[in-house]
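Asks: What follows is structure.pdb, PDB, C-alpha atoms.
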ATOM      1  CA  SER A   1       1.150  -8.191  -1.199
ATOM      2  CA  GLY A   2       1.798  -5.024   0.782
ATOM      3  CA  ARG A   3       3.842  -6.735   3.481
ATOM      4  CA  SER A   4       5.641  -8.950   0.968
ATOM      5  CA  SER A   5       7.529  -5.985  -0.429
ATOM      6  CA  THR A   6      10.576  -5.969  -2.665
ATOM      7  CA  LYS A   7      12.656  -2.894  -3.383
ATOM      8  CA  ARG A   8      14.056  -2.923  -6.911
ATOM      9  CA  LEU A   9      17.096  -0.842  -7.795
ATOM     10  CA  GLU A  10      18.662  -0.296 -11.184
ATOM     11  CA  SER A  11      22.402   0.221 -10.938
ATOM     12  CA  GLU A  12      25.587   0.010 -12.966
ATOM     13  CA  ILE A  13      26.384  -3.308 -11.329
ATOM     14  CA  GLY A  14      23.044  -4.884 -12.230
ATOM     15  CA  ASP A  15      19.419  -5.285 -11.233
ATOM     16  CA  ILE A  16      19.188  -5.364  -7.422
ATOM     17  CA  ARG A  17      16.193  -6.717  -5.480
ATOM     18  CA  ILE A  18      15.900  -6.458  -1.708
ATOM     19  CA  ASP A  19      13.008  -7.792   0.399
ATOM     20  CA  HIS A  20      12.251  -5.127   3.012
ATOM     21  CA  GLY A  21       9.002  -6.609   4.361
ATOM     22  CA  ALA A  22       8.350 -10.309   4.841
ATOM     23  CA  ARG A  23      11.631 -12.201   4.879
ATOM     24  CA  PHE A  24      10.453 -15.584   3.559
ATOM     25  CA  PHE A  25       7.494 -17.906   4.013
ATOM     26  CA  THR A  26       6.961 -21.465   5.179
ATOM     27  CA  ALA A  27       4.450 -24.123   4.163
ATOM     28  CA  ARG A  28       2.759 -26.712   6.358
ATOM     29  CA  GLN A  29      -0.887 -26.958   5.282
ATOM     30  CA  PRO A  30      -1.857 -29.138   2.280
ATOM     31  CA  GLN A  31      -3.104 -26.216   0.155
ATOM     32  CA  THR A  32       0.035 -24.178   0.849
ATOM     33  CA  LEU A  33       2.275 -27.154   0.129
ATOM     34  CA  LYS A  34       0.464 -27.644  -3.188
ATOM     35  CA  PHE A  35       0.977 -23.958  -4.034
ATOM     36  CA  VAL A  36       4.675 -24.270  -3.157
ATOM     37  CA  GLN A  37       5.114 -27.359  -5.328
ATOM     38  CA  GLU A  38       3.487 -25.582  -8.261
ATOM     39  CA  GLY A  39       5.800 -22.590  -7.745
ATOM     40  CA  LEU A  40       8.887 -24.769  -7.570
ATOM     41  CA  GLU A  41       7.906 -26.577 -10.754
ATOM     42  CA  ALA A  42       7.118 -23.300 -12.548
ATOM     43  CA  GLY A  43      10.518 -21.909 -11.553
ATOM     44  CA  TRP A  44       9.433 -18.638  -9.905
ATOM     45  CA  LEU A  45       9.844 -20.066  -6.393
ATOM     46  CA  ALA A  46      12.852 -21.645  -4.673
ATOM     47  CA  GLU A  47      13.783 -23.121  -1.326
ATOM     48  CA  TRP A  48      16.101 -20.545   0.239
ATOM     49  CA  THR A  49      17.414 -22.306   3.339
ATOM     50  CA  ARG A  50      16.557 -24.753   6.101
ATOM     51  CA  SER A  51      18.837 -23.167   8.669
ATOM     52  CA  ILE A  52      19.079 -19.584   9.937
ATOM     53  CA  PRO A  53      21.892 -19.303  12.490
ATOM     54  CA  LYS A  54      21.781 -17.122  15.600
ATOM     55  CA  TRP A  55      24.231 -14.290  16.294
ATOM     56  CA  GLU A  56      24.855 -13.440  19.937
ATOM     57  CA  ALA A  57      27.820 -11.608  21.490
ATOM     58  CA  GLY A  58      29.872 -12.014  18.339
ATOM     59  CA  THR A  59      29.312 -15.772  18.076
ATOM     60  CA  VAL A  60      27.313 -17.467  15.321
ATOM     61  CA  THR A  61      25.463 -20.631  16.369
ATOM     62  CA  GLN A  62      23.930 -22.907  13.753
ATOM     63  CA  GLU A  63      20.244 -23.836  13.992
ATOM     64  CA  GLY A  64      19.589 -27.498  14.671
ATOM     65  CA  GLY A  65      17.288 -29.350  12.270
ATOM     66  CA  GLY A  66      15.288 -26.689  10.509
ATOM     67  CA  HIS A  67      12.536 -26.597   7.920
ATOM     68  CA  PRO A  68      12.294 -25.150   4.399
ATOM     69  CA  ARG A  69      12.031 -21.382   4.005
ATOM     70  CA  TYR A  70      10.801 -20.358   0.562
ATOM     71  CA  VAL A  71      11.397 -17.165  -1.418
ATOM     72  CA  PRO A  72      10.512 -16.146  -4.978
ATOM     73  CA  THR A  73      13.797 -15.628  -6.787
ATOM     74  CA  ALA A  74      12.613 -12.262  -8.184
ATOM     75  CA  GLY A  75      11.595 -11.011  -4.731
ATOM     76  CA  MET A  76       8.822 -11.542  -2.191
ATOM     77  CA  SER A  77       6.467  -9.187  -4.057
ATOM     78  CA  THR A  78       6.166 -11.941  -6.679
ATOM     79  CA  LEU A  79       4.082 -13.890  -4.170
ATOM     80  CA  GLY A  80       1.108 -11.530  -4.456
ATOM     81  CA  ARG A  81       1.211 -11.516  -8.242
ATOM     82  CA  GLU A  82       1.228 -15.304  -8.391
ATOM     83  CA  LEU A  83      -1.645 -15.599  -5.895
ATOM     84  CA  ALA A  84      -3.661 -13.112  -7.975
ATOM     85  CA  ARG A  85      -3.084 -14.919 -11.260
ATOM     86  CA  GLU A  86      -6.374 -15.506 -13.151
ATOM     87  CA  MET A  87      -8.269 -13.395 -10.589
ATOM     88  CA  ASN A  88     -10.238 -10.224 -11.246
ATOM     89  CA  VAL A  89      -8.193  -7.644  -9.329
ATOM     90  CA  GLN A  90      -9.462  -4.080  -8.900
ATOM     91  CA  THR A  91      -6.608  -1.643  -8.300
ATOM     92  CA  GLU A  92      -6.679   1.947  -7.005
ATOM     93  CA  VAL A  93      -9.986   1.274  -5.191
ATOM     94  CA  GLN A  94     -10.154   2.134  -1.486
ATOM     95  CA  VAL A  95     -12.803   0.274   0.491
ATOM     96  CA  THR A  96     -14.020   2.511   3.322
ATOM     97  CA  ARG A  97     -16.778   0.429   4.900
ATOM     98  CA  LEU A  98     -18.142  -3.108   4.968
ATOM     99  CA  ASN A  99     -21.821  -3.821   5.587
ATOM    100  CA  ARG A 100     -23.243  -7.233   6.358
ATOM    101  CA  GLU A 101     -26.278  -7.917   4.172
ATOM    102  CA  SER A 102     -28.594 -10.899   4.007
ATOM    103  CA  GLY A 103     -26.631 -13.584   2.231
ATOM    104  CA  GLY A 104     -23.371 -11.667   2.063
ATOM    105  CA  TRP A 105     -21.541  -8.361   2.218
ATOM    106  CA  GLN A 106     -21.420  -4.940   0.615
ATOM    107  CA  ALA A 107     -18.139  -3.077   0.257
ATOM    108  CA  GLU A 108     -18.508   0.692  -0.005
ATOM    109  CA  CYS A 109     -15.655   2.502  -1.731
ATOM    110  CA  GLN A 110     -14.304   6.023  -1.518
ATOM    111  CA  ASP A 111     -15.230   6.736  -5.151
ATOM    112  CA  GLY A 112     -18.851   5.639  -4.634
ATOM    113  CA  GLN A 113     -18.561   2.151  -6.075
ATOM    114  CA  VAL A 114     -20.251  -0.689  -4.216
ATOM    115  CA  PHE A 115     -19.164  -4.321  -4.514
ATOM    116  CA  GLU A 116     -21.125  -7.331  -3.294
ATOM    117  CA  ALA A 117     -19.784 -10.704  -2.200
ATOM    118  CA  GLY A 118     -20.893 -13.751  -0.278
ATOM    119  CA  THR A 119     -17.592 -13.934   1.591
ATOM    120  CA  VAL A 120     -15.016 -11.286   2.537
ATOM    121  CA  ILE A 121     -11.412 -12.108   3.441
ATOM    122  CA  LEU A 122      -9.481  -9.375   5.261
ATOM    123  CA  ASN A 123      -5.752  -9.971   4.900
ATOM    124  CA  ILE A 124      -4.674  -6.627   6.371
ATOM    125  CA  PRO A 125      -3.270  -5.428   9.711
ATOM    126  CA  ALA A 126      -5.754  -5.384  12.587
ATOM    127  CA  PRO A 127      -5.834  -1.560  12.998
ATOM    128  CA  GLN A 128      -7.038  -1.251   9.390
ATOM    129  CA  ILE A 129      -9.816  -3.807   9.976
ATOM    130  CA  VAL A 130     -11.485  -1.885  12.814
ATOM    131  CA  PRO A 131     -12.859   1.092  10.810
ATOM    132  CA  LEU A 132     -14.026  -1.205   8.000
ATOM    133  CA  LEU A 133     -16.165  -3.313  10.349
ATOM    134  CA  ALA A 134     -17.420  -0.495  12.591
ATOM    135  CA  GLY A 135     -21.195  -0.718  12.872
ATOM    136  CA  THR A 136     -21.394  -4.448  12.142
ATOM    137  CA  ASP A 137     -22.275  -7.115  14.696
ATOM    138  CA  ILE A 138     -18.702  -8.447  14.714
ATOM    139  CA  ASP A 139     -16.792  -8.209  18.004
ATOM    140  CA  LEU A 140     -13.933  -5.810  17.295
ATOM    141  CA  SER A 141     -12.211  -6.096  20.674
ATOM    142  CA  PRO A 142      -9.639  -8.715  19.497
ATOM    143  CA  PHE A 143      -8.591  -6.411  16.647
ATOM    144  CA  GLN A 144      -8.551  -3.327  18.885
ATOM    145  CA  ALA A 145      -6.212  -5.105  21.294
ATOM    146  CA  VAL A 146      -3.559  -5.670  18.627
ATOM    147  CA  GLN A 147      -0.558  -3.347  18.723
ATOM    148  CA  ILE A 148       1.745  -3.050  15.721
ATOM    149  CA  ASP A 149       5.462  -2.679  16.411
ATOM    150  CA  PRO A 150       7.518  -0.567  13.996
ATOM    151  CA  CYS A 151      10.733  -1.750  12.365
ATOM    152  CA  TRP A 152      13.486   0.289  10.762
ATOM    153  CA  ALA A 153      14.711  -1.562   7.670
ATOM    154  CA  VAL A 154      17.968  -0.779   5.885
ATOM    155  CA  GLY A 155      18.953  -2.168   2.506
ATOM    156  CA  ALA A 156      22.656  -1.993   1.705
ATOM    157  CA  VAL A 157      24.280  -2.809  -1.626
ATOM    158  CA  LEU A 158      27.862  -3.966  -1.110
ATOM    159  CA  ASN A 159      30.957  -3.729  -3.266
ATOM    160  CA  THR A 160      31.972  -7.189  -2.050
ATOM    161  CA  ASP A 161      30.225  -9.867  -0.018
ATOM    162  CA  VAL A 162      30.661 -10.115   3.755
ATOM    163  CA  GLN A 163      34.049 -11.710   4.289
ATOM    164  CA  GLY A 164      33.857 -15.278   5.527
ATOM    165  CA  ALA A 165      30.041 -15.347   5.627
ATOM    166  CA  ASP A 166      28.516 -18.753   4.920
ATOM    167  CA  TRP A 167      25.036 -17.991   6.290
ATOM    168  CA  PRO A 168      21.981 -16.828   4.324
ATOM    169  CA  ALA A 169      20.731 -14.759   7.278
ATOM    170  CA  LEU A 170      21.236 -14.265  11.004
ATOM    171  CA  ARG A 171      18.747 -14.039  13.861
ATOM    172  CA  VAL A 172      20.399 -11.399  16.014
ATOM    173  CA  GLN A 173      20.084 -11.516  19.801
ATOM    174  CA  GLY A 174      21.457  -9.141  22.396
ATOM    175  CA  HIS A 175      22.451  -6.410  19.921
ATOM    176  CA  PRO A 176      21.569  -2.824  20.857
ATOM    177  CA  ALA A 177      19.836  -2.217  17.511
ATOM    178  CA  LEU A 178      19.660  -5.195  15.167
ATOM    179  CA  ASP A 179      17.207  -8.100  15.100
ATOM    180  CA  TRP A 180      17.870  -9.560  11.629
ATOM    181  CA  ILE A 181      20.519  -9.542   8.904
ATOM    182  CA  ALA A 182      20.029 -11.256   5.543
ATOM    183  CA  ARG A 183      22.429 -11.669   2.644
ATOM    184  CA  GLU A 184      19.746 -10.888   0.075
ATOM    185  CA  HIS A 185      21.755 -12.090  -2.915
ATOM    186  CA  THR A 186      21.564 -15.654  -1.553
ATOM    187  CA  LYS A 187      17.855 -15.536  -2.450
ATOM    188  CA  ARG A 188      18.515 -14.558  -6.053
ATOM    189  CA  ALA A 189      19.932 -16.115  -9.180
ATOM    190  CA  ALA A 190      23.697 -16.428  -9.510
ATOM    191  CA  GLY A 191      25.394 -13.138 -10.318
ATOM    192  CA  HIS A 192      23.129 -10.901  -8.233
ATOM    193  CA  PRO A 193      25.211  -8.112  -6.631
ATOM    194  CA  PRO A 194      25.920  -8.652  -2.922
ATOM    195  CA  ALA A 195      23.376  -6.895  -0.723
ATOM    196  CA  LEU A 196      22.175  -6.904   2.878
ATOM    197  CA  MET A 197      18.805  -6.300   4.516
ATOM    198  CA  LEU A 198      18.999  -5.244   8.157
ATOM    199  CA  HIS A 199      15.982  -5.038  10.487
ATOM    200  CA  ALA A 200      16.147  -3.177  13.785
ATOM    201  CA  HIS A 201      14.230  -4.513  16.777
ATOM    202  CA  ALA A 202      11.100  -2.705  17.910
ATOM    203  CA  ASP A 203      12.522  -0.991  20.995
ATOM    204  CA  TRP A 204      15.377   0.631  19.059
ATOM    205  CA  THR A 205      13.034   1.578  16.243
ATOM    206  CA  LYS A 206      10.607   3.279  18.638
ATOM    207  CA  ALA A 207      13.489   5.198  20.230
ATOM    208  CA  HIS A 208      14.680   6.440  16.842
TER     209      HIS A 208
END
For this file, produce the structure as structure tokens.

Replies:
Amino acid sequence: SGRSSTKRLESEIGDIRIDHGARFFTARQPQTLKFVQEGLEAGWLAEWTRSIPKWEAGTVTQEGGGHPRYVPTAGMSTLGRELAREMNVQTEVQVTRLNRESGGWQAECQDGQVFEAGTVILNIPAPQIVPLLAGTDIDLSPFQAVQIDPCWAVGAVLNTDVQGADWPALRVQGHPALDWIAREHTKRAAGHPPALMLHAHADWTKAH
């Protein structure tokens, strides 16, 4: 859940939650759709929007058609907790190396622990995969070719909502700095203080 990150702020105007990593998620595969349906029925998940307009040169253009974008109402970090429900999760353990063994894998940890498993799933950025798999017979060139772009993210709590705004978020094009603006309170339960999340595009972020 590292990339599905939610910043939580306690303030005089209420509990504020801002998603500064993943913005939302979509569902197309049967297993994901089943997970979404379970989340909707349980109440921790909601459909946020089916349309994210585009901002360009001061003009907002609505998206045609669209598909459901889902967000947990308490923040995107909820997603990891729900996926880990009823699982045996080891925290504060850093895996430093993976070794392929007959019939499975060994995971060596910084504190000396060793875990064994028949299957290993690596849901981490490519640059973090390379040192873990060094020395195995797996071709690392696809992972080594991946470059990660940085992104400045700014969360802003507002005294009042953006005047005249009727959009949940904007895909920003042609702006010198911004790539994304979201009215975060539209993801939350009624009464959440107005707040924005702004993402800068990679070029501006690299330059600053």

Asks: Applied to this file, what does the PyMOL selection byres ((chain A and resi 82) around 12) return in terms of residues, put as a ChimeraX atom specification?

Replies: /A:1,35-36,38-39,42-45,72,74-81,83-87

Asks: Run the PyMOL selection byres ((chain A and resi 120) around 12) mentally over the shown coordinates, then write out the matched residues as a list in words, using the chain letters and numbers from the document.

Replies: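 Listing what the PyMOL selection byres ((chain A and resi 120) around 12) selects in the shown file: Val95, Leu98, Asn99, Arg100, Glu101, Gly103, Gly104, Trp105, Gln106, Ala107, Phe115, Glu116, Ala117, Gly118, Thr119, Ile121, Leu122, Asn123, Ile124, Ile129, Leu132 and Leu133 of chain A.
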
Asks: So that I can see what lies close to Gln94 (chain A), please list as an MDAnalysis selection string the residues with an atom at most 8 Å from it, counting all atoms listed in the file and leaving out residues fewer than 3 positions away in the same chain.

Replies: chainID A and resid 109:111

Asks: What's around His201 (chain A) at 10 Å? Count all atoms listed in the file, leave out sequence neighbours fewer than 2 positions away in its own chain, and write the answer as a ChimeraX atom specification.

Replies: /A:149-153,172-173,175-180,198-199,203-206

Asks: May I ask for the distance between CA of Arg188 (chain A) and CA of Val154 (chain A), given in Å to one decimal place?

Replies: 18.2 Å

Asks: Please give the centre and size of the box around region 4-10 of chain A (axis-aligned, containing every atom listed in the file, 6 Å added per side), with values in Å to one decimal and written as AutoDock Vina command-line options.

Replies:
--center_x 12.2 --center_y -4.6 --center_z -5.1 --size_x 25.0 --size_y 20.7 --size_z 24.2

Asks: Output the residue selection produced by the PyMOL selection byres ((chain A and resi 54-62) around 7) on the file above, formatted as a list of chain:residue names.

Replies: A:Ile52, A:Pro53, A:Glu63, A:Gly64, A:Leu170, A:Arg171, A:Val172, A:Gln173, A:Gly174

Asks: Work out how far CA of Phe24 (chain A) is from CA of Pro194 (chain A), in Å to one decimal.

Replies: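 Separation of CA of Pro194 (chain A) and CA of Phe24 (chain A): 18.1 Å.
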
Asks: Which one of A:Thr73, A:Asn159, A:Gln29, A:Gln113 sits closest to Gln90 (chain A) if you count only C-alpha atoms?

Replies: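 Comparing A:Thr73, A:Asn159, A:Gln29, A:Gln113 against Gln90 (chain A), the winner is A:Gln113.
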
Asks: Residues near Gln144 (chain A), anyone? I mean within 12 Å using all atoms listed in the file, not counting same-chain ones fewer than 6 positions away, as a list in words.

Replies: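 The contact residues come out as Pro125, Ala126, Pro127, Gln128, Ile129, Val130, Pro131, Leu133 and Ala134 of chain A.
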
Asks: In Å, how far is it from CA of Asp166 (chain A) to CA of Thr26 (chain A)?

Replies: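 Separating CA of Asp166 (chain A) from CA of Thr26 (chain A) is a distance of 21.7 Å.
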
Asks: Considering all atoms listed in the file, can you say which of A:Leu158, A:Ile181, A:Ala169, A:Ala46 comes closest to Ile16 (chain A)?

Replies: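 So, comparing all the options, the nearest one is A:Leu158.
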
Asks: Select, from A:Thr49, A:Gln31, A:Thr96, A:Gln37, the residue with the minimum atom-to-atom distance to Pro168 (chain A), counting all atoms listed in the file.

Replies: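 Of all the options, A:Thr49 lies closest to Pro168 (chain A).
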
Asks: From the options A:Val162, A:Ala190, A:Met197, A:Val157, which residue's atoms come nearest to Ile13 (chain A), counting all atoms listed in the file?

Replies: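 Looking only at the distances to Ile13 (chain A), the closest residue turns out to be A:Val157.
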
Asks: With only C-alpha atoms as the counted atoms, please give the residues lying no more than 8 Å from Lys7 (chain A), apart from itself and same-chain residues fewer than 4 positions off, as a PDB file with C-alpha atoms, keeping the file's coordinate frame.

Replies:
ATOM      1  CA  ARG A  17      16.193  -6.717  -5.480  1.00  0.00           C
ATOM      2  CA  ILE A  18      15.900  -6.458  -1.708  1.00  0.00           C
ATOM      3  CA  ASP A  19      13.008  -7.792   0.399  1.00  0.00           C
ATOM      4  CA  HIS A  20      12.251  -5.127   3.012  1.00  0.00           C
TER       5      HIS A  20
END

Asks: Given the choices A:Leu40, A:Pro30, A:Val93, A:Thr6, which gets closest to Val114 (chain A) if the distance is worked out from all atoms listed in the file?

Replies: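 Ranking A:Leu40, A:Pro30, A:Val93, A:Thr6 by distance to Val114 (chain A), first place goes to A:Val93.
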